[in-house]
$ cat final00.pdb   # PDB, C-alpha atoms and all ligand atoms
ATOM      1  CA  MET W   1     -10.409  11.959   1.759
ATOM      2  CA  SER W   2     -10.210   8.438   2.927
ATOM      3  CA  ALA W   3      -8.225   5.266   2.682
ATOM      4  CA  VAL W   4      -8.258   1.581   3.297
ATOM      5  CA  LEU W   5      -6.132  -0.647   5.414
ATOM      6  CA  ASP W   6      -6.615  -3.947   3.679
ATOM      7  CA  ARG W   7      -6.235  -6.945   5.942
ATOM      8  CA  PRO W   8      -2.990  -5.980   7.628
ATOM      9  CA  THR W   9      -0.737  -8.997   8.005
ATOM     10  CA  ALA W  10       2.453  -9.317   9.977
ATOM     11  CA  GLY W  11       4.532 -10.098   6.886
ATOM     12  CA  GLY W  12       3.238  -7.121   4.964
ATOM     13  CA  GLU W  13       1.624  -8.981   2.091
ATOM     14  CA  THR W  14      -2.126  -8.926   1.655
ATOM     15  CA  ALA W  15      -3.714 -12.295   2.355
ATOM     16  CA  GLN W  16      -5.239 -13.992  -0.672
ATOM     17  CA  ARG W  17      -8.814 -14.478   0.443
ATOM     18  CA  ALA W  18     -12.282 -13.444  -0.517
ATOM     19  CA  PRO W  19     -12.724  -9.715   0.028
ATOM     20  CA  ARG W  20     -13.945  -9.001   3.503
ATOM     21  CA  ILE W  21     -16.028  -6.122   2.337
ATOM     22  CA  GLU W  22     -17.904  -5.939  -0.896
ATOM     23  CA  ILE W  23     -20.050  -3.102  -2.098
ATOM     24  CA  ARG W  24     -22.240  -4.207  -4.969
ATOM     25  CA  ASP W  25     -23.636  -1.431  -7.132
ATOM     26  CA  VAL W  26     -24.657   0.602  -4.118
ATOM     27  CA  SER W  27     -26.493   3.913  -4.376
ATOM     28  CA  LEU W  28     -27.848   5.980  -1.537
ATOM     29  CA  ARG W  29     -30.295   8.881  -1.555
ATOM     30  CA  TYR W  30     -31.012  10.936   1.540
ATOM     31  CA  PHE W  31     -34.537  12.347   1.734
ATOM     32  CA  THR W  32     -34.957  15.614   3.629
ATOM     33  CA  PRO W  33     -37.728  18.250   3.750
ATOM     34  CA  GLU W  34     -35.621  20.258   1.278
ATOM     35  CA  GLY W  35     -35.543  17.393  -1.196
ATOM     36  CA  GLU W  36     -33.422  14.462  -2.188
ATOM     37  CA  THR W  37     -29.623  14.162  -2.024
ATOM     38  CA  GLN W  38     -27.921  11.552  -4.153
ATOM     39  CA  ALA W  39     -24.980  10.817  -1.853
ATOM     40  CA  LEU W  40     -23.532   7.793  -3.607
ATOM     41  CA  GLU W  41     -24.002   6.423  -7.075
ATOM     42  CA  ARG W  42     -23.376   2.822  -8.032
ATOM     43  CA  ILE W  43     -20.400   2.229  -5.785
ATOM     44  CA  HIS W  44     -18.892  -1.159  -6.540
ATOM     45  CA  LEU W  45     -15.682  -2.229  -4.867
ATOM     46  CA  SER W  46     -14.125  -4.828  -2.670
ATOM     47  CA  VAL W  47     -12.415  -2.437  -0.305
ATOM     48  CA  VAL W  48     -12.639   1.347   0.077
ATOM     49  CA  LEU W  49     -11.938   5.107  -0.074
ATOM     50  CA  ILE W  50     -10.645   8.824  -0.480
ATOM     51  CA  GLY W  51     -12.481  11.988  -1.509
ATOM     52  CA  GLN W  52     -13.373  15.535  -0.656
ATOM     53  CA  SER W  53     -15.744  16.692   2.038
ATOM     54  CA  GLY W  54     -19.343  15.728   1.292
ATOM     55  CA  CYS W  55     -18.507  13.035  -1.255
ATOM     56  CA  GLY W  56     -20.102  10.288   0.828
ATOM     57  CA  LYS W  57     -17.287   8.714   2.837
ATOM     58  CA  SER W  58     -19.157   8.664   6.152
ATOM     59  CA  THR W  59     -22.252   7.461   4.309
ATOM     60  CA  LEU W  60     -20.271   4.539   2.937
ATOM     61  CA  LEU W  61     -18.983   3.598   6.388
ATOM     62  CA  SER W  62     -22.495   3.792   7.822
ATOM     63  CA  LEU W  63     -23.670   1.447   5.059
ATOM     64  CA  MET W  64     -20.927  -1.024   5.962
ATOM     65  CA  ALA W  65     -21.811  -0.704   9.636
ATOM     66  CA  GLY W  66     -25.442  -1.469   8.803
ATOM     67  CA  ILE W  67     -26.589   1.825  10.276
ATOM     68  CA  LEU W  68     -27.942   2.950   6.890
ATOM     69  CA  GLU W  69     -29.675   0.850   4.279
ATOM     70  CA  PRO W  70     -28.705   1.387   0.632
ATOM     71  CA  SER W  71     -31.368   2.891  -1.626
ATOM     72  CA  SER W  72     -30.295   0.188  -4.066
ATOM     73  CA  GLY W  73     -27.553  -2.433  -4.212
ATOM     74  CA  GLU W  74     -26.013  -4.629  -1.549
ATOM     75  CA  VAL W  75     -23.247  -4.413   1.017
ATOM     76  CA  TRP W  76     -21.441  -7.607   2.035
ATOM     77  CA  VAL W  77     -19.016  -8.021   4.889
ATOM     78  CA  HIS W  78     -17.197 -11.290   5.302
ATOM     79  CA  GLY W  79     -19.466 -13.191   2.961
ATOM     80  CA  GLU W  80     -22.604 -12.010   4.731
ATOM     81  CA  ARG W  81     -25.028  -9.450   3.472
ATOM     82  CA  VAL W  82     -25.250  -6.475   5.799
ATOM     83  CA  ASN W  83     -28.813  -5.860   6.945
ATOM     84  CA  GLY W  84     -28.261  -4.088  10.240
ATOM     85  CA  PRO W  85     -25.544  -3.460  12.797
ATOM     86  CA  SER W  86     -23.467  -6.547  13.558
ATOM     87  CA  PRO W  87     -20.900  -7.378  16.243
ATOM     88  CA  ARG W  88     -18.551  -8.361  13.383
ATOM     89  CA  VAL W  89     -18.192  -4.729  12.390
ATOM     90  CA  GLY W  90     -16.733  -2.119  14.744
ATOM     91  CA  TYR W  91     -17.336   1.543  13.949
ATOM     92  CA  MET W  92     -15.200   4.288  15.433
ATOM     93  CA  LEU W  93     -16.595   7.723  14.779
ATOM     94  CA  GLN W  94     -14.773  11.012  14.442
ATOM     95  CA  GLN W  95     -15.990  12.141  17.863
ATOM     96  CA  ASP W  96     -14.968   9.775  20.621
ATOM     97  CA  TYR W  97     -18.340   9.761  22.458
ATOM     98  CA  LEU W  98     -16.740   8.728  25.741
ATOM     99  CA  PHE W  99     -19.060   8.964  28.728
ATOM    100  CA  GLU W 100     -17.602  11.530  31.106
ATOM    101  CA  TRP W 101     -19.042   9.840  34.210
ATOM    102  CA  ARG W 102     -17.482   6.466  33.441
ATOM    103  CA  THR W 103     -13.857   5.572  34.077
ATOM    104  CA  ILE W 104     -11.605   4.743  31.120
ATOM    105  CA  LEU W 105     -11.967   1.032  31.789
ATOM    106  CA  ASP W 106     -15.757   1.312  32.110
ATOM    107  CA  ASN W 107     -15.858   3.265  28.850
ATOM    108  CA  ALA W 108     -13.740   0.696  27.032
ATOM    109  CA  VAL W 109     -15.908  -2.176  28.220
ATOM    110  CA  LEU W 110     -19.161  -0.547  27.119
ATOM    111  CA  GLY W 111     -19.678  -2.332  23.787
ATOM    112  CA  ALA W 112     -19.250  -5.745  25.376
ATOM    113  CA  GLU W 113     -21.611  -4.734  28.162
ATOM    114  CA  ILE W 114     -24.291  -3.719  25.668
ATOM    115  CA  GLN W 115     -23.890  -7.043  23.869
ATOM    116  CA  GLY W 116     -24.457  -8.831  27.154
ATOM    117  CA  ARG W 117     -21.050 -10.529  27.177
ATOM    118  CA  ASN W 118     -19.373 -11.986  30.244
ATOM    119  CA  LEU W 119     -18.409  -8.835  32.086
ATOM    120  CA  LYS W 120     -15.368 -10.217  33.881
ATOM    121  CA  GLN W 121     -13.817 -11.442  30.608
ATOM    122  CA  ALA W 122     -14.774  -8.210  28.867
ATOM    123  CA  ARG W 123     -13.075  -6.141  31.552
ATOM    124  CA  GLU W 124      -9.937  -8.249  31.225
ATOM    125  CA  ARG W 125      -9.911  -7.812  27.461
ATOM    126  CA  ALA W 126     -10.599  -4.074  27.781
ATOM    127  CA  ALA W 127      -7.724  -3.695  30.257
ATOM    128  CA  HIS W 128      -5.445  -5.689  27.933
ATOM    129  CA  LEU W 129      -6.383  -3.503  24.952
ATOM    130  CA  LEU W 130      -5.943  -0.310  26.946
ATOM    131  CA  HIS W 131      -2.454  -1.489  27.914
ATOM    132  CA  LYS W 132      -1.695  -2.176  24.249
ATOM    133  CA  CYS W 133      -2.945   1.273  23.308
ATOM    134  CA  GLY W 134      -0.600   2.838  25.864
ATOM    135  CA  MET W 135      -3.383   3.624  28.329
ATOM    136  CA  GLY W 136      -2.503   1.038  30.978
ATOM    137  CA  ASP W 137      -1.815   3.640  33.648
ATOM    138  CA  PHE W 138      -5.153   5.367  33.195
ATOM    139  CA  LEU W 139      -7.761   2.646  33.707
ATOM    140  CA  ASN W 140      -9.373   4.429  36.641
ATOM    141  CA  HIS W 141      -9.101   7.938  35.230
ATOM    142  CA  TYR W 142     -12.032   9.827  33.714
ATOM    143  CA  PRO W 143     -12.170  11.102  30.108
ATOM    144  CA  ARG W 144     -11.863  14.771  31.157
ATOM    145  CA  GLN W 145      -8.429  13.962  32.603
ATOM    146  CA  LEU W 146      -7.131  12.842  29.186
ATOM    147  CA  SER W 147      -5.734  14.608  26.128
ATOM    148  CA  GLY W 148      -7.422  14.281  22.732
ATOM    149  CA  GLY W 149      -4.955  11.631  21.583
ATOM    150  CA  MET W 150      -5.484   9.603  24.749
ATOM    151  CA  ARG W 151      -9.245   9.766  24.318
ATOM    152  CA  GLN W 152      -8.899   8.420  20.767
ATOM    153  CA  ARG W 153      -6.827   5.518  22.086
ATOM    154  CA  VAL W 154      -9.598   4.712  24.549
ATOM    155  CA  ALA W 155     -12.161   4.920  21.750
ATOM    156  CA  LEU W 156     -10.079   2.467  19.714
ATOM    157  CA  ALA W 157      -9.859   0.033  22.642
ATOM    158  CA  ARG W 158     -13.611   0.314  23.043
ATOM    159  CA  THR W 159     -14.124  -0.459  19.340
ATOM    160  CA  LEU W 160     -11.884  -3.529  19.574
ATOM    161  CA  VAL W 161     -13.249  -4.900  22.844
ATOM    162  CA  THR W 162     -16.000  -6.882  21.099
ATOM    163  CA  ASP W 163     -13.388  -8.318  18.713
ATOM    164  CA  PRO W 164     -14.998  -7.277  15.415
ATOM    165  CA  ASP W 165     -13.579  -8.681  12.150
ATOM    166  CA  VAL W 166     -13.777  -5.352  10.420
ATOM    167  CA  VAL W 167     -12.997  -1.964  11.937
ATOM    168  CA  LEU W 168     -14.333   1.217  10.373
ATOM    169  CA  LEU W 169     -12.511   4.401  11.327
ATOM    170  CA  ASP W 170     -14.079   7.695  10.272
ATOM    171  CA  GLU W 171     -11.391  10.400  10.323
ATOM    172  CA  PRO W 172     -10.240   9.229  13.735
ATOM    173  CA  PHE W 173      -7.339  11.642  14.046
ATOM    174  CA  SER W 174      -8.828  14.794  12.552
ATOM    175  CA  ALA W 175      -9.193  16.590  15.888
ATOM    176  CA  LEU W 176      -5.570  15.984  16.916
ATOM    177  CA  ASP W 177      -2.528  18.196  16.428
ATOM    178  CA  SER W 178      -0.103  17.037  13.756
ATOM    179  CA  GLN W 179       2.568  15.566  16.063
ATOM    180  CA  THR W 180       0.012  13.600  18.048
ATOM    181  CA  ARG W 181      -1.469  12.381  14.751
ATOM    182  CA  LEU W 182       1.856  10.968  13.621
ATOM    183  CA  ALA W 183       2.483   9.197  16.917
ATOM    184  CA  ILE W 184      -1.008   7.813  17.287
ATOM    185  CA  ALA W 185      -1.160   6.629  13.667
ATOM    186  CA  ASP W 186       1.837   4.414  14.345
ATOM    187  CA  GLU W 187       0.337   3.025  17.526
ATOM    188  CA  VAL W 188      -3.058   2.423  15.978
ATOM    189  CA  VAL W 189      -1.590   0.608  12.984
ATOM    190  CA  GLU W 190       0.516  -1.540  15.276
ATOM    191  CA  VAL W 191      -2.462  -2.545  17.419
ATOM    192  CA  LEU W 192      -4.640  -3.227  14.373
ATOM    193  CA  ARG W 193      -1.929  -5.307  12.688
ATOM    194  CA  GLU W 194      -1.420  -7.319  15.849
ATOM    195  CA  GLU W 195      -5.148  -7.844  16.184
ATOM    196  CA  GLY W 196      -5.320  -8.825  12.483
ATOM    197  CA  LYS W 197      -8.270  -6.603  11.639
ATOM    198  CA  SER W 198      -9.575  -5.497   8.281
ATOM    199  CA  VAL W 199      -9.692  -1.749   8.493
ATOM    200  CA  VAL W 200     -11.433   0.893   6.460
ATOM    201  CA  LEU W 201     -10.061   4.289   7.327
ATOM    202  CA  VAL W 202     -11.377   7.638   6.194
ATOM    203  CA  THR W 203      -8.965  10.557   6.335
ATOM    204  CA  HIS W 204      -8.554  14.032   4.836
ATOM    205  CA  ASP W 205      -4.806  13.713   4.975
ATOM    206  CA  ILE W 206      -3.077  12.401   1.848
ATOM    207  CA  GLY W 207       0.087  11.584   3.772
ATOM    208  CA  GLU W 208      -1.874   9.648   6.361
ATOM    209  CA  ALA W 209      -3.631   7.690   3.634
ATOM    210  CA  ILE W 210      -0.328   6.642   2.048
ATOM    211  CA  ALA W 211       1.296   5.923   5.388
ATOM    212  CA  MET W 212      -1.462   3.814   6.897
ATOM    213  CA  THR W 213      -2.711   1.647   4.090
ATOM    214  CA  ASP W 214      -2.013  -0.790   1.266
ATOM    215  CA  ARG W 215      -4.749   0.521  -0.932
ATOM    216  CA  VAL W 216      -6.154   3.993  -1.454
ATOM    217  CA  VAL W 217      -9.432   4.424  -3.300
ATOM    218  CA  VAL W 218     -10.290   7.897  -4.539
ATOM    219  CA  LEU W 219     -13.957   8.912  -4.587
ATOM    220  CA  SER W 220     -15.213  11.666  -6.883
ATOM    221  CA  ARG W 221     -17.228  14.632  -5.679
ATOM    222  CA  ARG W 222     -20.871  14.009  -4.827
ATOM    223  CA  PRO W 223     -22.483  11.760  -5.816
ATOM    224  CA  GLY W 224     -19.451   9.742  -4.792
ATOM    225  CA  ARG W 225     -18.227   7.378  -7.484
ATOM    226  CA  ILE W 226     -14.982   5.495  -7.601
ATOM    227  CA  LYS W 227     -12.472   7.594  -9.439
ATOM    228  CA  SER W 228      -9.354   5.481  -9.045
ATOM    229  CA  GLU W 229      -7.644   2.960  -6.859
ATOM    230  CA  HIS W 230      -3.975   2.879  -5.909
ATOM    231  CA  ARG W 231      -1.873   0.112  -4.439
ATOM    232  CA  MET W 232       0.938   1.299  -2.204
ATOM    233  CA  HIS W 233       4.198  -0.544  -2.775
ATOM    234  CA  PHE W 234       7.408   0.258  -0.977
ATOM    235  CA  PRO W 235      10.161  -1.674  -2.783
ATOM    236  CA  SER W 236      12.797   0.227  -0.817
ATOM    237  CA  CYS W 237      11.681  -1.767   2.248
ATOM    238  CA  GLU W 238      12.382  -5.067   0.495
ATOM    239  CA  GLY W 239       9.174  -6.780   1.567
ATOM    240  CA  ARG W 240       9.238  -5.513   5.133
ATOM    241  CA  ARG W 241       6.165  -3.579   6.105
ATOM    242  CA  PRO W 242       7.126  -0.040   7.137
ATOM    243  CA  SER W 243       5.449   1.799  10.011
ATOM    244  CA  PRO W 244       3.369   4.838   9.037
ATOM    245  CA  PHE W 245       6.055   7.155  10.382
ATOM    246  CA  GLU W 246       8.730   5.402   8.338
ATOM    247  CA  VAL W 247       6.665   5.547   5.144
ATOM    248  CA  ARG W 248       6.831   9.339   5.173
ATOM    249  CA  SER W 249      10.574   9.300   4.696
ATOM    250  CA  LEU W 250      10.657   6.624   1.975
ATOM    251  CA  PRO W 251      11.547   7.604  -1.599
ATOM    252  CA  GLU W 252       8.170   6.278  -2.848
ATOM    253  CA  PHE W 253       6.160   8.585  -0.585
ATOM    254  CA  ASN W 254       6.492  11.787  -2.623
ATOM    255  CA  ALA W 255       5.484  10.128  -5.877
ATOM    256  CA  TYR W 256       2.327   8.690  -4.295
ATOM    257  CA  PHE W 257       1.596  12.050  -2.728
ATOM    258  CA  ALA W 258       1.827  13.834  -6.091
ATOM    259  CA  THR W 259      -0.416  11.246  -7.776
ATOM    260  CA  LEU W 260      -3.102  11.436  -5.101
ATOM    261  CA  TRP W 261      -2.950  15.218  -5.016
ATOM    262  CA  ASP W 262      -3.710  15.282  -8.753
ATOM    263  CA  GLU W 263      -6.440  12.669  -8.396
ATOM    264  CA  LEU W 264      -8.159  14.566  -5.619
ATOM    265  CA  ASP W 265      -8.278  17.662  -7.780
ATOM    266  CA  VAL W 266      -8.246  19.928  -4.740
ATOM    267  CA  HIS W 267      -9.670  23.402  -5.333
ATOM    268  CA  VAL W 268      -8.900  26.102  -2.842
ATOM    269  CA  GLU W 269     -11.984  28.203  -2.256
ATOM    270  CA  GLY W 270     -12.266  31.840  -1.165
TER     271      GLY W 270
HETATM  272  P1  LIG R   1     -18.235  12.857   3.743
HETATM  273  O1  LIG R   1     -18.132  11.971   4.925
HETATM  274  O2  LIG R   1     -17.471  12.373   2.553
HETATM  275  O3  LIG R   1     -17.864  14.277   4.053
HETATM  276  P2  LIG R   1     -21.080  12.315   3.949
HETATM  277  O4  LIG R   1     -21.176  10.864   3.722
HETATM  278  O5  LIG R   1     -21.197  12.794   5.346
HETATM  279  O6  LIG R   1     -19.771  12.886   3.251
HETATM  280  O7  LIG R   1     -22.235  13.046   3.112
HETATM  281  C1  LIG R   1     -22.439  12.848   1.726
HETATM  282  C2  LIG R   1     -23.582  13.756   1.263
HETATM  283  O8  LIG R   1     -24.812  13.342   1.834
HETATM  284  C3  LIG R   1     -23.391  15.207   1.672
HETATM  285  O9  LIG R   1     -23.859  16.016   0.639
HETATM  286  C4  LIG R   1     -24.271  15.359   2.882
HETATM  287  O10 LIG R   1     -24.745  16.677   2.993
HETATM  288  C5  LIG R   1     -25.398  14.386   2.594
HETATM  289  N1  LIG R   1     -25.911  13.812   3.853
HETATM  290  C6  LIG R   1     -25.189  13.158   4.792
HETATM  291  N2  LIG R   1     -25.975  12.729   5.804
HETATM  292  C7  LIG R   1     -27.229  13.155   5.501
HETATM  293  C8  LIG R   1     -28.508  13.025   6.150
HETATM  294  N3  LIG R   1     -28.637  12.361   7.297
HETATM  295  N4  LIG R   1     -29.578  13.587   5.535
HETATM  296  C9  LIG R   1     -29.452  14.231   4.359
HETATM  297  N5  LIG R   1     -28.293  14.380   3.695
HETATM  298  C10 LIG R   1     -27.191  13.859   4.247
HETATM  299 MG    MG R   2     -17.529  12.332   6.898
END

$ encode --input "final00.pdb" --output "structure tokens" --more "lines below"
Ligand code: ADP
Ligand code: MG
Amino acid sequence: MSAVLDRPTAGGETAQRAPRIEIRDVSLRYFTPEGETQALERIHLSVVLIGQSGCGKSTLLSLMAGILEPSSGEVWVHGERVNGPSPRVGYMLQQDYLFEWRTILDNAVLGAEIQGRNLKQARERAAHLLHKCGMGDFLNHYPRQLSGGMRQRVALARTLVTDPDVVLLDEPFSALDSQTRLAIADEVVEVLREEGKSVVLVTHDIGEAIAMTDRVVVLSRRPGRIKSEHRMHFPSCEGRRPSPFEVRSLPEFNAYFATLWDELDVHVEG
């Protein structure tokens, strides 16, 4: 399952602008020795996602990141057609892929280093982001010295260091225990709101989807098609934008949960 954070703004309302991400009639087929897999069929939307395992969520993010090319159709980010990886799009994968032999700061700076940016400035920005992500005391530590939640914070700082316009997060909290998930979701949303990023988040967790986003798009089983789209409104907050943790205790939360549960049509196997 997956969800979208749509242009988080400080005031809570979604900015009225051209969509930052546009998926025009996109299909994707994977070709393997065993045959062909139709992963996505005619996806067409301005922002993204939610659906069961194997329905094409990661595929969709990889298309937006320019790592995969659609079999047909077009992907647009920020008014530009995607035709390869771009510094405007940051992609944070489920696994953190931190290099064990590099310090936290050296890990966070990596993307900027690869792009050949001014290293001194990049290190300053990386240190600033690590502070924001609550990792200020660990700049010279190594990944093995950190907990799973701390590693994800470092991975987020690394994704943001190149200052992308759009951040793609593929189930970033799935390896964390539930308390850490709740805490880190709040921190991540705060950092992303402050940084003013468009975010596409994929998650298996219905509660997380409701708590972290303005808009939840449900994808059908494979081949992924758009099944429905839901706007999250929290009138009980009177226009104020609640934190993810707060959302879970709002009166609107349970109703959204029930709706999405039905939409997802979850079947328990075995
Ligand atoms: P999700 O992230 O929603 O779990 P994916 O996007 O990873 O789904 O995969 C969608 C479908 O495409 C699945 O059936 C998966 O097996 C298939 N698929 C994903 N990656 C590849 C690949 N590299 N080669 C062949 N098939 C793939
Ligand atoms: Mg996936």

$ atom_distance --input "final00.pdb" --atom1 "atom CA of Tyr256 of chain W" --atom2 "atom CA of His230 of chain W"
8.7 Å

$ resolve_selection --input "final00.pdb" --expression "the PyMOL selection byres (((chain W and resi 163) around 9) and not hetatm)" --output "ChimeraX atom specification"
/W:87-90,159-162,164-166,195,197

$ closest_residue --input "final00.pdb" --among "W:Ile184, W:Ala112, W:Val247, W:Leu201" --to "ligand LIG 1 (chain R)" --atoms "all atoms listed in the file"
W:Leu201

$ atom_distance --input "final00.pdb" --atom1 "atom CA of Glu187 of chain W" --atom2 "atom CA of Lys57 of chain W"
23.6 Å

$ atom_distance --input "final00.pdb" --atom1 "atom CA of Ala127 of chain W" --atom2 "atom CA of Gln115 of chain W"
17.7 Å

$ closest_atom_pairs --input "final00.pdb" --of "chain W" --to "ligand LIG 1 (chain R)" --cutoff "9 Å" --atoms "only C-alpha atoms and all ligand atoms" --output "Markdown table"
| residue | atom | partner | partner_atom | distance |
| --- | --- | --- | --- | --- |
| W:Met1 | CA | R:LIG1 | O2 | 7.1 |
| W:Ser2 | CA | R:LIG1 | O2 | 8.3 |
| W:Leu28 | CA | R:LIG1 | O8 | 8.6 |
| W:Arg29 | CA | R:LIG1 | O8 | 7.8 |
| W:Tyr30 | CA | R:LIG1 | C9 | 4.6 |
| W:Phe31 | CA | R:LIG1 | C9 | 6.0 |
| W:Thr32 | CA | R:LIG1 | C9 | 5.7 |
| W:Gly35 | CA | R:LIG1 | C9 | 8.8 |
| W:Glu36 | CA | R:LIG1 | C9 | 7.7 |
| W:Thr37 | CA | R:LIG1 | N5 | 5.9 |
| W:Gln38 | CA | R:LIG1 | O8 | 7.0 |
| W:Ala39 | CA | R:LIG1 | O8 | 4.5 |
| W:Leu40 | CA | R:LIG1 | C1 | 7.4 |
| W:Ile50 | CA | R:LIG1 | O2 | 8.3 |
| W:Gly51 | CA | R:LIG1 | O2 | 6.4 |
| W:Gln52 | CA | R:LIG1 | O2 | 6.1 |
| W:Ser53 | CA | R:LIG1 | O3 | 3.8 |
| W:Gly54 | CA | R:LIG1 | O3 | 3.5 |
| W:Cys55 | CA | R:LIG1 | O2 | 4.0 |
| W:Gly56 | CA | R:LIG1 | O4 | 3.1 |
| W:Lys57 | CA | R:LIG1 | O2 | 3.7 |
| W:Ser58 | CA | R:LIG1 | O1 | 3.7 |
| W:Thr59 | CA | R:LIG1 | O4 | 3.6 |
| W:Leu60 | CA | R:LIG1 | O4 | 6.4 |
| W:Leu61 | CA | R:LIG1 | O4 | 8.0 |
| W:Ser62 | CA | R:LIG1 | O4 | 8.3 |
| W:Asp170 | CA | R:LIG1 | O1 | 8.0 |
| W:Glu171 | CA | R:LIG1 | O1 | 8.8 |
| W:Val202 | CA | R:LIG1 | O1 | 8.1 |
| W:Leu219 | CA | R:LIG1 | O2 | 8.7 |
| W:Arg221 | CA | R:LIG1 | O2 | 8.5 |
| W:Arg222 | CA | R:LIG1 | O9 | 6.5 |
| W:Pro223 | CA | R:LIG1 | C2 | 7.4 |
| W:Gly224 | CA | R:LIG1 | C1 | 7.8 |

$ resolve_selection --input "final00.pdb" --expression "the PyMOL selection byres (((chain W and resi 93-98) around 9) and not hetatm)" --output "mmCIF file with C-alpha atoms, keeping the file's coordinate frame"
data_model
loop_
_atom_site.group_PDB
_atom_site.id
_atom_site.type_symbol
_atom_site.label_atom_id
_atom_site.label_comp_id
_atom_site.auth_asym_id
_atom_site.auth_seq_id
_atom_site.Cartn_x
_atom_site.Cartn_y
_atom_site.Cartn_z
ATOM 1 C CA TYR W 91 -17.336 1.543 13.949
ATOM 2 C CA MET W 92 -15.200 4.288 15.433
ATOM 3 C CA PHE W 99 -19.060 8.964 28.728
ATOM 4 C CA GLU W 100 -17.602 11.530 31.106
ATOM 5 C CA TRP W 101 -19.042 9.840 34.210
ATOM 6 C CA ARG W 102 -17.482 6.466 33.441
ATOM 7 C CA ILE W 104 -11.605 4.743 31.120
ATOM 8 C CA ASN W 107 -15.858 3.265 28.850
ATOM 9 C CA ALA W 108 -13.740 0.696 27.032
ATOM 10 C CA PRO W 143 -12.170 11.102 30.108
ATOM 11 C CA ARG W 151 -9.245 9.766 24.318
ATOM 12 C CA GLN W 152 -8.899 8.420 20.767
ATOM 13 C CA VAL W 154 -9.598 4.712 24.549
ATOM 14 C CA ALA W 155 -12.161 4.920 21.750
ATOM 15 C CA LEU W 156 -10.079 2.467 19.714
ATOM 16 C CA LEU W 168 -14.333 1.217 10.373
ATOM 17 C CA LEU W 169 -12.511 4.401 11.327
ATOM 18 C CA ASP W 170 -14.079 7.695 10.272
ATOM 19 C CA GLU W 171 -11.391 10.400 10.323
ATOM 20 C CA PRO W 172 -10.240 9.229 13.735
ATOM 21 C CA PHE W 173 -7.339 11.642 14.046
ATOM 22 C CA SER W 174 -8.828 14.794 12.552
ATOM 23 C CA ALA W 175 -9.193 16.590 15.888
#

$ closest_residue --input "final00.pdb" --among "W:Arg225, W:His128, W:Arg144, W:Arg231" --to "Val191 of chain W" --atoms "all atoms listed in the file"
W:His128
